[in-house]
Each structure stands twice: as structure tokens, then as C-alpha cells.
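Asks: Okay, so here is data-v3.txt, and as you'll see once you scroll down, it has compact mmCIF, C-alpha atoms.
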# COMPACT_ATOMS: atom_id res chain seq x y z
CA MET A 556 5.81 12.32 -25.78
CA THR A 557 9.25 11.22 -24.61
CA THR A 558 10.99 13.24 -21.94
CA SER A 559 14.08 12.80 -19.82
CA PHE A 560 13.80 12.19 -16.10
CA SER A 561 17.15 13.23 -14.65
CA VAL A 562 17.88 11.76 -11.23
CA ALA A 563 20.25 14.62 -10.47
CA GLU A 564 17.59 17.19 -11.33
CA LEU A 565 14.96 15.40 -9.25
CA ALA A 566 17.32 15.22 -6.25
CA THR A 567 18.36 18.85 -6.62
CA ALA A 568 14.74 19.99 -6.80
CA ALA A 569 13.85 18.05 -3.64
CA GLN A 570 16.85 19.38 -1.74
CA ALA A 571 16.10 22.95 -2.82
CA LYS A 572 12.45 22.73 -1.71
CA GLU A 573 13.35 21.26 1.69
CA GLY A 574 16.64 23.07 2.29
CA LEU A 575 18.15 19.73 3.32
CA GLN A 576 20.93 17.50 1.98
CA ASP A 577 21.03 14.29 4.04
CA TRP A 578 19.23 11.32 2.43
CA GLY A 579 19.79 8.95 5.34
CA PRO A 580 21.51 5.56 5.39
CA LEU A 581 19.13 3.44 3.30
CA PRO A 582 19.99 3.06 -0.42
CA PHE A 583 17.60 4.25 -3.12
CA GLU A 584 19.76 5.66 -5.94
CA ASP A 585 19.93 2.53 -8.11
CA PRO A 586 16.20 1.77 -8.22
CA LEU A 587 15.43 5.46 -8.79
CA SER A 588 17.89 5.51 -11.70
CA VAL A 589 16.29 2.49 -13.35
CA LEU A 590 12.81 3.88 -12.77
CA ALA A 591 13.72 7.33 -14.12
CA ALA A 592 15.22 5.81 -17.26
CA SER A 593 12.07 3.74 -17.78
CA TYR A 594 9.80 6.75 -17.32
CA SER A 595 11.86 8.56 -19.97
CA GLN A 596 10.70 5.92 -22.46
CA ALA A 597 7.11 5.63 -21.22
CA ASN A 598 5.39 7.84 -23.84
CA LEU A 599 3.90 10.09 -21.18
CA ASN A 600 1.81 13.13 -22.02
CA ASP A 601 2.45 16.56 -20.50
CA LEU A 602 0.08 15.94 -17.58
CA GLY A 603 1.66 12.53 -16.96
CA VAL A 604 5.14 14.04 -16.87
CA HIS A 605 3.94 16.69 -14.43
CA ILE A 606 2.19 14.20 -12.13
CA ILE A 607 4.96 11.59 -12.12
CA ARG A 608 7.82 14.05 -11.80
CA GLY A 609 6.02 15.74 -8.93
CA GLY A 610 5.46 12.38 -7.25
CA LEU A 611 9.13 11.44 -7.48
CA ILE A 612 10.20 14.78 -6.05
CA HIS A 613 7.65 14.43 -3.25
CA SER A 614 9.05 11.00 -2.34
CA LEU A 615 12.54 12.45 -2.16
CA ARG A 616 11.33 15.40 -0.09
CA MET A 617 9.71 13.05 2.45
CA ARG A 618 12.94 11.07 2.67
CA LEU A 619 14.95 14.24 3.37
CA ARG A 620 12.47 15.61 5.88
CA ALA A 621 12.06 12.32 7.73
CA GLN A 622 15.83 11.96 7.98
CA GLU A 623 16.09 15.42 9.51
CA TRP A 624 13.49 14.49 12.13
CA VAL A 625 15.53 11.38 12.94
CA ARG A 626 18.70 13.47 13.19
CA ARG A 627 17.00 15.80 15.67
CA HIS A 628 15.30 12.96 17.55
CA PRO A 629 17.41 9.79 17.32
CA GLU A 630 15.07 8.11 19.82
CA ILE A 631 12.72 7.59 16.85
CA LEU A 632 14.84 4.59 15.90
CA ASP A 633 14.24 3.06 19.35
CA GLU A 634 10.54 2.58 18.59
CA GLN A 635 9.58 -1.10 18.57
CA ILE A 636 7.14 -2.24 15.88
CA ALA A 637 5.81 -5.27 17.72
CA ALA A 638 3.66 -8.10 16.33
CA PRO A 639 1.92 -6.31 13.47
CA THR A 640 -1.15 -7.84 11.88
CA VAL A 641 -0.74 -7.57 8.11
CA VAL A 642 -3.72 -7.90 5.78
CA VAL A 643 -2.80 -9.12 2.30
CA GLY A 644 -4.66 -10.32 -0.78
CA MET A 645 -5.30 -9.30 -4.35
CA MET A 646 -7.15 -6.05 -5.03
CA ARG A 647 -10.89 -6.15 -4.28
CA SER A 648 -10.52 -9.23 -2.08
CA GLY A 649 -11.70 -7.50 1.10
CA THR A 650 -8.35 -6.28 2.41
CA THR A 651 -9.65 -2.76 3.08
CA LEU A 652 -12.68 -4.08 4.95
CA LEU A 653 -10.55 -6.21 7.29
CA GLN A 654 -7.93 -3.53 7.80
CA ARG A 655 -10.43 -0.85 8.72
CA LEU A 656 -12.39 -3.12 11.03
CA LEU A 657 -9.21 -3.99 12.93
CA ALA A 658 -8.09 -0.37 12.94
CA SER A 659 -11.39 0.61 14.61
CA ASP A 660 -9.94 -0.92 17.78
CA ASN A 661 -7.91 1.81 19.49
CA ARG A 662 -5.46 -0.80 20.73
CA PHE A 663 -4.04 -0.89 17.17
CA HIS A 664 -2.05 1.71 15.29
CA CYS A 665 -2.72 2.27 11.61
CA ALA A 666 -1.46 4.66 8.95
CA TYR A 667 -4.18 7.15 8.01
CA GLY A 668 -4.58 8.61 4.55
CA TRP A 669 -3.18 11.98 5.60
CA GLU A 670 -0.14 10.28 7.16
CA VAL A 671 0.85 8.32 4.08
CA VAL A 672 0.44 11.37 1.85
CA GLU A 673 2.88 13.37 3.99
CA VAL A 674 4.64 11.14 6.50
CA ALA A 675 6.90 13.90 7.84
CA PRO A 676 5.50 17.12 9.30
CA GLN A 677 7.09 20.46 8.56
CA LEU A 678 10.22 20.94 10.64
CA ASP A 679 8.72 23.92 12.47
CA TRP A 680 5.62 21.94 13.47
CA SER A 681 4.63 22.45 17.09
CA TRP A 682 3.18 19.43 18.85
CA ALA A 683 1.13 21.82 20.96
CA GLU A 684 -1.08 22.68 17.97
CA ARG A 685 -4.57 21.25 18.12
CA GLU A 686 -4.84 19.74 14.63
CA ASP A 687 -2.00 18.68 12.37
CA PRO A 688 -2.08 20.91 9.25
CA ARG A 689 -1.34 17.84 7.10
CA ILE A 690 -4.92 16.71 7.71
CA ALA A 691 -6.39 19.80 6.05
CA VAL A 692 -3.96 19.48 3.14
CA SER A 693 -4.93 15.85 2.64
CA LYS A 694 -8.66 16.65 2.79
CA LYS A 695 -8.19 19.28 0.08
CA ARG A 696 -6.38 16.67 -1.99
CA GLU A 697 -9.24 14.23 -1.44
CA ALA A 698 -11.78 16.84 -2.54
CA ALA A 699 -9.72 17.68 -5.63
CA SER A 700 -9.47 14.00 -6.53
CA ARG A 701 -13.25 13.59 -6.23
CA GLN A 702 -13.80 16.57 -8.54
CA LEU A 703 -11.00 16.22 -11.10
CA THR A 704 -10.69 12.43 -11.37
CA PRO A 705 -14.07 11.05 -10.27
CA GLU A 706 -13.58 7.80 -12.20
CA LEU A 707 -10.29 7.12 -10.41
CA PHE A 708 -11.77 8.05 -7.03
CA ALA A 709 -14.66 5.66 -7.63
CA ILE A 710 -12.27 2.81 -8.43
CA HIS A 711 -9.67 3.55 -5.76
CA PRO A 712 -10.87 6.12 -3.21
CA MET A 713 -8.32 7.48 -0.77
CA TYR A 714 -9.82 9.17 2.28
CA ALA A 715 -7.76 11.52 4.40
CA ASP A 716 -9.16 10.30 7.72
CA GLU A 717 -9.51 6.56 6.98
CA PRO A 718 -6.80 3.92 7.46
CA GLU A 719 -4.75 3.60 4.29
CA GLU A 720 -2.30 1.04 2.94
CA GLU A 721 1.41 1.61 3.42
CA ILE A 722 2.41 0.83 -0.17
CA VAL A 723 3.37 4.50 -0.42
CA PHE A 724 6.44 3.84 1.71
CA LEU A 725 7.60 1.04 -0.58
CA SER A 726 7.01 3.39 -3.50
CA ASP A 727 9.07 6.07 -1.73
CA ALA A 728 11.94 3.56 -1.69
CA PHE A 729 11.48 3.22 -5.49
CA LEU A 730 11.14 -0.53 -5.14
CA SER A 731 7.48 -1.25 -5.79
CA HIS A 732 5.02 -2.24 -8.49
CA VAL A 733 3.22 1.10 -8.29
CA PRO A 734 4.97 2.55 -11.38
CA GLU A 735 3.87 -0.26 -13.69
CA SER A 736 0.26 0.26 -12.60
CA GLY A 737 0.32 3.79 -14.02
CA ALA A 738 2.70 3.75 -16.98
CA HIS A 739 4.25 1.40 -19.53
CA VAL A 740 7.65 0.76 -17.92
CA PRO A 741 8.54 -2.79 -19.04
CA HIS A 742 12.27 -2.50 -18.34
CA TYR A 743 11.70 -1.39 -14.75
CA ALA A 744 9.02 -4.06 -14.23
CA GLN A 745 11.32 -6.79 -15.51
CA TRP A 746 14.26 -5.45 -13.48
CA LEU A 747 12.14 -5.50 -10.32
CA ASP A 748 11.60 -9.25 -10.63
CA GLU A 749 15.26 -9.86 -9.83
CA GLN A 750 15.69 -7.34 -7.01
CA ASP A 751 16.06 -7.77 -3.26
CA PHE A 752 13.24 -5.80 -1.65
CA ALA A 753 14.91 -5.74 1.78
CA PRO A 754 15.84 -2.02 1.45
CA ALA A 755 12.22 -1.15 0.70
CA TYR A 756 10.96 -3.04 3.75
CA ALA A 757 13.70 -1.52 5.89
CA TYR A 758 12.43 1.89 4.77
CA LEU A 759 8.86 0.85 5.56
CA HIS A 760 9.97 -0.18 9.05
CA ARG A 761 11.74 3.15 9.54
CA MET A 762 8.64 5.11 8.49
CA LEU A 763 6.47 3.08 10.88
CA GLN A 764 8.90 3.89 13.68
CA PHE A 765 8.62 7.56 12.71
CA LEU A 766 4.81 7.45 12.64
CA GLN A 767 4.62 5.57 15.92
CA TRP A 768 6.88 8.16 17.55
CA GLN A 769 4.60 10.92 16.25
CA LYS A 770 1.50 9.15 17.51
CA ARG A 771 3.00 8.70 20.97
CA ARG A 772 3.76 12.41 21.13
CA GLN A 773 0.07 13.03 20.46
CA GLY A 774 -1.04 10.64 23.21
CA ASN A 775 -1.72 7.53 21.12
CA VAL A 776 -0.07 4.64 22.96
CA ALA A 777 -1.40 1.59 21.08
CA GLN A 778 0.96 -1.37 21.16
CA ARG A 779 0.36 -3.08 17.80
CA TRP A 780 0.00 -2.11 14.14
CA VAL A 781 -2.53 -3.10 11.53
CA LEU A 782 -0.86 -3.01 8.13
CA LYS A 783 -2.40 -3.74 4.74
CA SER A 784 -1.32 -3.87 1.15
CA PRO A 785 -1.83 -6.23 -1.78
CA ALA A 786 1.77 -5.35 -2.66
CA HIS A 787 3.08 -7.52 0.20
CA LEU A 788 1.80 -10.72 -1.42
CA GLY A 789 4.86 -11.17 -3.60
CA TYR A 790 7.28 -10.51 -0.75
CA LEU A 791 5.97 -12.42 2.25
CA ASP A 792 9.42 -13.79 3.11
CA VAL A 793 10.93 -10.28 3.03
CA LEU A 794 8.00 -8.96 5.04
CA ARG A 795 8.44 -11.65 7.68
CA ALA A 796 12.20 -11.12 7.83
CA GLN A 797 11.56 -7.46 8.69
CA PHE A 798 8.67 -8.20 11.07
CA PRO A 799 9.39 -11.71 12.44
CA ASP A 800 6.50 -11.67 14.94
CA LEU A 801 3.85 -10.64 12.40
CA HIS A 802 0.52 -12.34 11.76
CA ILE A 803 -0.80 -12.43 8.19
CA VAL A 804 -4.47 -12.20 7.30
CA HIS A 805 -4.71 -13.53 3.74
CA MET A 806 -7.90 -12.55 1.92
CA HIS A 807 -9.21 -14.65 -0.98
CA ARG A 808 -11.64 -14.01 -3.85
CA ASP A 809 -12.27 -15.39 -7.31
CA PRO A 810 -9.39 -14.10 -9.50
CA ARG A 811 -11.90 -13.45 -12.28
CA ASP A 812 -13.19 -10.55 -10.15
CA THR A 813 -9.88 -9.31 -8.81
CA ILE A 814 -8.01 -9.36 -12.13
CA ALA A 815 -10.70 -7.39 -13.94
CA SER A 816 -10.77 -4.83 -11.13
CA GLY A 817 -7.01 -4.34 -11.10
CA ALA A 818 -6.84 -4.01 -14.87
CA SER A 819 -9.62 -1.41 -14.72
CA LEU A 820 -7.72 0.68 -12.19
CA ASN A 821 -4.46 0.41 -14.13
CA THR A 822 -6.12 1.41 -17.39
CA THR A 823 -7.58 4.50 -15.72
CA LEU A 824 -4.16 5.44 -14.33
CA HIS A 825 -2.43 4.90 -17.67
CA ALA A 826 -5.00 7.14 -19.35
CA MET A 827 -4.18 9.93 -16.90
CA HIS A 828 -0.49 9.79 -17.80
CA SER A 829 -0.40 8.89 -21.49
CA ASP A 830 -2.40 9.45 -24.67
CA VAL A 831 -1.52 5.93 -25.84
CA VAL A 832 -3.33 3.29 -23.79
CA ASP A 833 -3.53 -0.37 -24.81
CA SER A 834 -6.09 -1.92 -22.47
CA HIS A 835 -5.41 -5.43 -23.78
CA ARG A 836 -1.69 -5.11 -23.04
CA ILE A 837 -2.53 -3.77 -19.59
CA GLY A 838 -4.78 -6.77 -18.99
CA SER A 839 -2.08 -9.20 -20.11
CA ASP A 840 0.54 -7.45 -17.95
CA TRP A 841 -1.73 -7.49 -14.91
CA LEU A 842 -2.58 -11.16 -15.31
CA ARG A 843 1.14 -11.94 -15.50
CA ARG A 844 1.99 -9.77 -12.50
CA MET A 845 -0.75 -11.16 -10.28
CA GLY A 846 0.09 -14.72 -11.31
CA TRP A 847 3.73 -14.07 -10.45
CA THR A 848 2.73 -12.47 -7.15
CA ASN A 849 0.47 -15.31 -6.06
CA ASP A 850 3.00 -17.97 -7.05
CA ARG A 851 5.53 -16.29 -4.78
CA ALA A 852 3.04 -15.97 -1.94
CA MET A 853 2.14 -19.66 -2.09
CA ALA A 854 5.81 -20.67 -2.30
CA ALA A 855 6.71 -18.53 0.72
CA ARG A 856 3.86 -19.88 2.81
CA SER A 857 4.63 -23.48 1.86
CA GLY A 858 8.12 -23.03 3.26
CA TRP A 859 6.92 -21.99 6.72
CA TRP A 860 6.65 -24.86 9.17
CA ASP A 861 4.36 -22.72 11.31
CA GLU A 862 2.15 -21.52 8.45
CA SER A 863 -1.10 -22.33 10.25
CA GLU A 864 0.01 -20.22 13.23
CA VAL A 865 1.28 -17.30 11.18
CA CYS A 866 -1.56 -17.03 8.66
CA THR A 867 -5.34 -16.69 8.88
CA ASP A 868 -7.14 -17.26 5.58
CA ILE A 869 -10.46 -15.49 4.99
CA GLU A 870 -12.77 -15.81 2.01
CA PHE A 871 -14.19 -12.54 0.67
CA ALA A 872 -17.77 -13.81 0.74
CA ASP A 873 -17.41 -14.81 4.40
CA ALA A 874 -15.98 -11.40 5.31
CA VAL A 875 -18.92 -9.65 3.64
CA ALA A 876 -21.52 -11.96 5.19
CA ASP A 877 -20.09 -11.99 8.73
CA PRO A 878 -17.37 -9.35 9.15
CA ILE A 879 -17.31 -9.43 12.95
CA GLY A 880 -17.19 -13.21 13.00
CA GLN A 881 -14.20 -13.24 10.66
CA VAL A 882 -12.43 -10.55 12.66
CA ALA A 883 -12.99 -12.66 15.78
CA ARG A 884 -10.99 -15.44 14.09
CA VAL A 885 -8.08 -13.02 13.68
CA TYR A 886 -8.22 -11.97 17.33
CA ALA A 887 -8.20 -15.62 18.41
CA ALA A 888 -5.19 -16.29 16.18
CA ILE A 889 -3.13 -13.40 17.59
CA GLY A 890 -4.15 -14.05 21.18
CA VAL A 891 -5.85 -10.70 21.76
CA PRO A 892 -9.31 -10.56 23.34
CA LEU A 893 -12.04 -9.02 21.20
CA THR A 894 -13.52 -6.67 23.76
CA ALA A 895 -17.06 -5.35 23.76
CA GLU A 896 -15.63 -1.86 23.28
CA ALA A 897 -13.65 -2.94 20.21
CA GLU A 898 -16.61 -4.78 18.70
CA SER A 899 -18.82 -1.75 19.29
CA ALA A 900 -16.30 0.47 17.48
CA MET A 901 -16.24 -1.96 14.55
CA ARG A 902 -20.01 -2.06 14.28
CA ARG A 903 -20.07 1.72 14.41
CA TRP A 904 -17.56 1.90 11.55
CA LEU A 905 -19.64 -0.56 9.51
CA ALA A 906 -22.67 1.68 9.97
CA GLU A 907 -20.89 4.97 9.28
CA ARG A 908 -18.15 4.01 6.80
CA PRO A 909 -17.86 5.89 3.51
CA ARG A 910 -20.22 4.42 0.94
CA GLU A 911 -18.55 3.11 -2.18
CA LEU A 912 -19.23 5.20 -5.27
CA VAL A 913 -20.63 3.58 -8.40
CA ARG A 914 -17.70 2.13 -10.33
CA PRO A 915 -17.52 2.34 -14.12
CA PRO A 916 -18.65 -0.96 -15.66
CA TYR A 917 -15.91 -3.33 -16.80
CA SER A 918 -15.33 -6.97 -17.62
CA LEU A 919 -12.40 -9.24 -18.38
CA SER A 920 -13.13 -8.94 -22.09
CA ASP A 921 -12.44 -5.19 -21.92
CA PHE A 922 -8.82 -6.13 -21.29
CA GLY A 923 -8.55 -8.96 -23.79
CA LEU A 924 -8.96 -11.65 -21.15
CA THR A 925 -11.32 -14.58 -20.69
CA ASN A 926 -12.54 -16.56 -17.71
CA SER A 927 -10.68 -19.63 -18.95
CA GLN A 928 -7.39 -17.71 -19.18
CA VAL A 929 -7.73 -16.49 -15.61
CA ASP A 930 -8.85 -19.91 -14.34
CA GLU A 931 -5.89 -21.60 -16.00
CA ARG A 932 -3.34 -19.12 -14.63
CA PHE A 933 -4.76 -19.38 -11.11
CA SER A 934 -5.64 -23.07 -11.10
CA THR A 935 -3.12 -23.88 -8.36
CA TYR A 936 -4.29 -20.94 -6.26
CA ASN A 937 -7.95 -21.87 -6.68
CA THR A 938 -7.25 -25.50 -5.78
CA ARG A 939 -5.34 -24.53 -2.66
CA PHE A 940 -7.47 -21.72 -1.30
CA ARG A 941 -10.84 -21.66 -3.05
CA GLN A 942 -11.71 -25.27 -3.85
CA THR A 943 -14.81 -25.30 -1.65
CA GLN A 944 -16.03 -22.09 -3.33
CA ARG A 945 -15.88 -23.80 -6.72
CA LEU A 946 -17.99 -26.81 -5.69
Represent the structure contained in this file as C-alpha cells.
Replies:
Amino acid sequence: MTTSFSVAELATAAQAKEGLQDWGPLPFEDPLSVLAASYSQANLNDLGVHIIRGGLIHSLRMRLRAQEWVRRHPEILDEQIAAPTVVVGMMRSGTTLLQRLLASDNRFHCAYGWEVVEVAPQLDWSWAEREDPRIAVSKKREAASRQLTPELFAIHPMYADEPEEEIVFLSDAFLSHVPESGAHVPHYAQWLDEQDFAPAYAYLHRMLQFLQWQKRRQGNVAQRWVLKSPAHLGYLDVLRAQFPDLHIVHMHRDPRDTIASGASLNTTLHAMHSDVVDSHRIGSDWLRRMGWTNDRAMAARSGWWDESEVCTDIEFADAVADPIGQVARVYAAIGVPLTAEAESAMRRWLAERPRELVRPPYSLSDFGLTNSQVDERFSTYNTRFRQTQRL
């Protein structure tokens, strides 16, 4: 099925639902136009059109609503996002484990699942209310996802009350690799490779300011953020330009495992949105994208004279075997004491964390890939970061 995604119609629908007109100062029209044109050629089915159109309108609604909060409370833009710790790495490399361990320490802010789903509260929200209604909405969404798309939830669970990655805010700026993970949009994917992502990271910064302001109003006065997204890997220079005092925790795992996992997730997403799914093409596209991403990450890091001070490298196997010990390395690197209280909270999370559901079986061959193909594409990465693991 081919359908037209009209930017004007999407914008009008968002404005009508919110009763607002002001989009704010950060640009988004050009990337949205390219993305909408690509979706129009993506051979989506009826459900895919419904899901994707609804997602685009939701992103626009959050932009409108957040801008209105800023208009009413300009002090939001005075919030300082100081010295964030940013966990990066390919999918299934342990980024979630490290992020959630660090976020167990109440001295760190994080973005929870319910916050990334709906970053801006309703405009009539009263801060005197006991529980934010967005939490209940997000929990209903989580329950629906478990029931309606159990395979997707098993591969990529999103919990309302657990720390979540902030890739949603890059997606809301319409400069992200999220669309290509769920639909065949080759023109948009190719166009992205040549784009400046500074507007997307400026939008991310603005949303973190907005969230931090909300947290302070609710009595949360942590001084630092824990961020996490595999999406940052290809844009470390842009990330650092936006957050110059950041510290990066770079997670590493055998690409044979991470590539197969990412291709599995993408194939599941494509199948939700289209009746035509070529798993071998998806595998080839994912191998190319992750190779491109890691090349850029290595190039960025090589250009930093203070790389050893800015980055902490952690091997997946080490994080699984000794999570607290690896977290202690991060604390030492950022100059923050790992207190007994923080360590206790981390151990409690390890004991009580949501148990991973059984994932559908998959292998590289399901996506037309071989170990030798992956090893060849990531030979430089493996030599630089995983040589001891290969001995």
C-alpha cells in the first residue's frame, strides 16, 4: 500500500488536538518533509500507516505542548544540564544494564519510560496532584504492548517506571535512525548521512531542561543526568558539542551478537508496518548502518586529545560478571564517590529488576549474514576494542 503523508495535514492535526500554534525556535520542517515523502513510498499496510502517522502527530503535539510550557515558564531554559554521563554502544551490548545501575543512585537524574512517552504534561496539570496521570497512561501502554505485540516486547521491552533511552527526543526532531528501523525508507536514510544533527541535539537538550525543571518542581534535586542511547554512537562529536562536560561510557560486545539482535528487532518492526518484509535486505541495511555508526564513533574518539579522560570502555562480559565493579570504574572516572547508599540501591535493583522475557530465536543466517561478513566489517573495531576477547 502506498499512501501520502502530508506535512501540512500532520501539522494541522497536531495543532487542532492541542489547540496551539507555536512550534518554538528549533527547525524541524525540512527533515519532517523528507521523512514524510519517504514514508509515502514505504509500502506500508493500513496498520503501519495508522501507527506511523499517529507517531508523527504525537511528536508534533509534544513539540507544541512543550513550547507552551516554556512560554509560560521561561525559567525552564535556565536549567543547567551539567556533566551528564552518557552510556553508548551497539544494541545488546549492556547499555541498559549500566544506565539503570547508575540511575539507581538518586544523585542522578534519568528519563523514565513514562516521561519519554509524553514529555509534556497537560497544560492544566496541577503540581499538587499526588501522581502524574502520565504514569498511568504509560502503564496502560506497556500492558497493551505486552498483550498485542509480545514478540516486540520480548525483544525491546519498554517499562513505564524504568529508566529509558532518550532517542525519542531525537526522533521527535525528525533527525534520527528510528524510521529506518521500522520501515523501508532508503531515501531518508541516505539523506540522513549528510545532515547536521545539531538541531536534534539542541532539541534533546531543551527537553532535558524541561524534564529537569519538572523534576525539581516535584522535589527531585539531583545534579547530574544519566543518558543512554545506541543512537549517539554515530554522533559523538555533536553530542559532546552540546554537552561539553559529558563523560561517555562505551559498552562493547561481539558484533556477531549485536548485529543479529538489531536485525531481529528491525524485522519485527517492519512486519508490524508492512506486508512486504525482506529480512535479508534488513540484515544488509543494519550491517551497513552499524558499520557506518562505529566508524564515526572511532573517528570522533581518535580526534579527542583527552579521550582517556572522557571515555570509559566496558566489555559486556565484564559488566555481566561484575556489574558493581564496572560501575565503580565509572564513578572513579567522573570523580563522584560510590557511596554505600548508592551501591545498596544498585544491588537492590539487580535483585528486583524486571526479568527479561524469552526472545524469539534468531541467528545471523536469518538475515542473510555470516560470521565472516560481520568480522570483516568490524575488523577495525574488534582490533581496537575487543582484541583481548578474541585471544
Asks: Have a look at A:Ala638, A:Leu766, A:Met617, A:Ala755 and name the one nearest to A:Ala566; count only C-alpha atoms.
Replies: A:Met617
Asks: Contacts of stretch 841-850 of chain A at 8 Å or less, counting only C-alpha atoms, minus same-chain residues fewer than 4 places along, as a count of residues only?
Replies: 12
Asks: Could you name the residues that touch A:Val891 at 12 Å or less, counting only C-alpha atoms, but leaving out those on the same chain fewer than 2 positions away, as number ranges by chain?
Replies: A: 638, 640, 657, 660, 662-663, 778-779, 802, 882-889, 893-894, 897
Asks: So the first atom is atom CA of A:Ile722 and the second is atom CA of A:Asp601; what is the distance between them in Å, to one decimal place?
Replies: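 Computing the Euclidean distance for atom CA of A:Ile722 and atom CA of A:Asp601 yields 25.7 Å.
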Asks: Would you list the contacts of stretch 825-831 of chain A as a ChimeraX atom specification, taking every protein, DNA or RNA residue within 12 Å and counting all atoms listed in the file, but skipping same-chain residues closer than 3 positions in sequence?
Replies: /A:556-557,594,596-608,703-707,733-740,818-822,834,836-838
Asks: Atoms to include: C-alpha atoms. Write the selected residues as a PDB file, in the frame of the given file.
Replies:
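Saved the output as result_2.pdb:
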ATOM      1  CA  MET A 556       5.810  12.320 -25.780  1.00  0.00           C
ATOM      2  CA  THR A 557       9.250  11.220 -24.610  1.00  0.00           C
ATOM      3  CA  TYR A 594       9.800   6.750 -17.320  1.00  0.00           C
ATOM      4  CA  GLN A 596      10.700   5.920 -22.460  1.00  0.00           C
ATOM      5  CA  ALA A 597       7.110   5.630 -21.220  1.00  0.00           C
ATOM      6  CA  ASN A 598       5.390   7.840 -23.840  1.00  0.00           C
ATOM      7  CA  LEU A 599       3.900  10.090 -21.180  1.00  0.00           C
ATOM      8  CA  ASN A 600       1.810  13.130 -22.020  1.00  0.00           C
ATOM      9  CA  ASP A 601       2.450  16.560 -20.500  1.00  0.00           C
ATOM     10  CA  LEU A 602       0.080  15.940 -17.580  1.00  0.00           C
ATOM     11  CA  GLY A 603       1.660  12.530 -16.960  1.00  0.00           C
ATOM     12  CA  VAL A 604       5.140  14.040 -16.870  1.00  0.00           C
ATOM     13  CA  HIS A 605       3.940  16.690 -14.430  1.00  0.00           C
ATOM     14  CA  ILE A 606       2.190  14.200 -12.130  1.00  0.00           C
ATOM     15  CA  ILE A 607       4.960  11.590 -12.120  1.00  0.00           C
ATOM     16  CA  ARG A 608       7.820  14.050 -11.800  1.00  0.00           C
ATOM     17  CA  LEU A 703     -11.000  16.220 -11.100  1.00  0.00           C
ATOM     18  CA  THR A 704     -10.690  12.430 -11.370  1.00  0.00           C
ATOM     19  CA  PRO A 705     -14.070  11.050 -10.270  1.00  0.00           C
ATOM     20  CA  GLU A 706     -13.580   7.800 -12.200  1.00  0.00           C
ATOM     21  CA  LEU A 707     -10.290   7.120 -10.410  1.00  0.00           C
ATOM     22  CA  VAL A 733       3.220   1.100  -8.290  1.00  0.00           C
ATOM     23  CA  PRO A 734       4.970   2.550 -11.380  1.00  0.00           C
ATOM     24  CA  GLU A 735       3.870  -0.260 -13.690  1.00  0.00           C
ATOM     25  CA  SER A 736       0.260   0.260 -12.600  1.00  0.00           C
ATOM     26  CA  GLY A 737       0.320   3.790 -14.020  1.00  0.00           C
ATOM     27  CA  ALA A 738       2.700   3.750 -16.980  1.00  0.00           C
ATOM     28  CA  HIS A 739       4.250   1.400 -19.530  1.00  0.00           C
ATOM     29  CA  VAL A 740       7.650   0.760 -17.920  1.00  0.00           C
ATOM     30  CA  ALA A 818      -6.840  -4.010 -14.870  1.00  0.00           C
ATOM     31  CA  SER A 819      -9.620  -1.410 -14.720  1.00  0.00           C
ATOM     32  CA  LEU A 820      -7.720   0.680 -12.190  1.00  0.00           C
ATOM     33  CA  ASN A 821      -4.460   0.410 -14.130  1.00  0.00           C
ATOM     34  CA  THR A 822      -6.120   1.410 -17.390  1.00  0.00           C
ATOM     35  CA  SER A 834      -6.090  -1.920 -22.470  1.00  0.00           C
ATOM     36  CA  ARG A 836      -1.690  -5.110 -23.040  1.00  0.00           C
ATOM     37  CA  ILE A 837      -2.530  -3.770 -19.590  1.00  0.00           C
ATOM     38  CA  GLY A 838      -4.780  -6.770 -18.990  1.00  0.00           C
TER      39      GLY A 838
END
Asks: Between A:Ser700, A:Gln767, A:Leu782, A:Ala744, which residue has the minimum interatomic distance to A:Glu721, considering only C-alpha atoms?
Replies: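 Checking each of A:Ser700, A:Gln767, A:Leu782, A:Ala744 against A:Glu721, counting only C-alpha atoms, the winner is A:Leu782.
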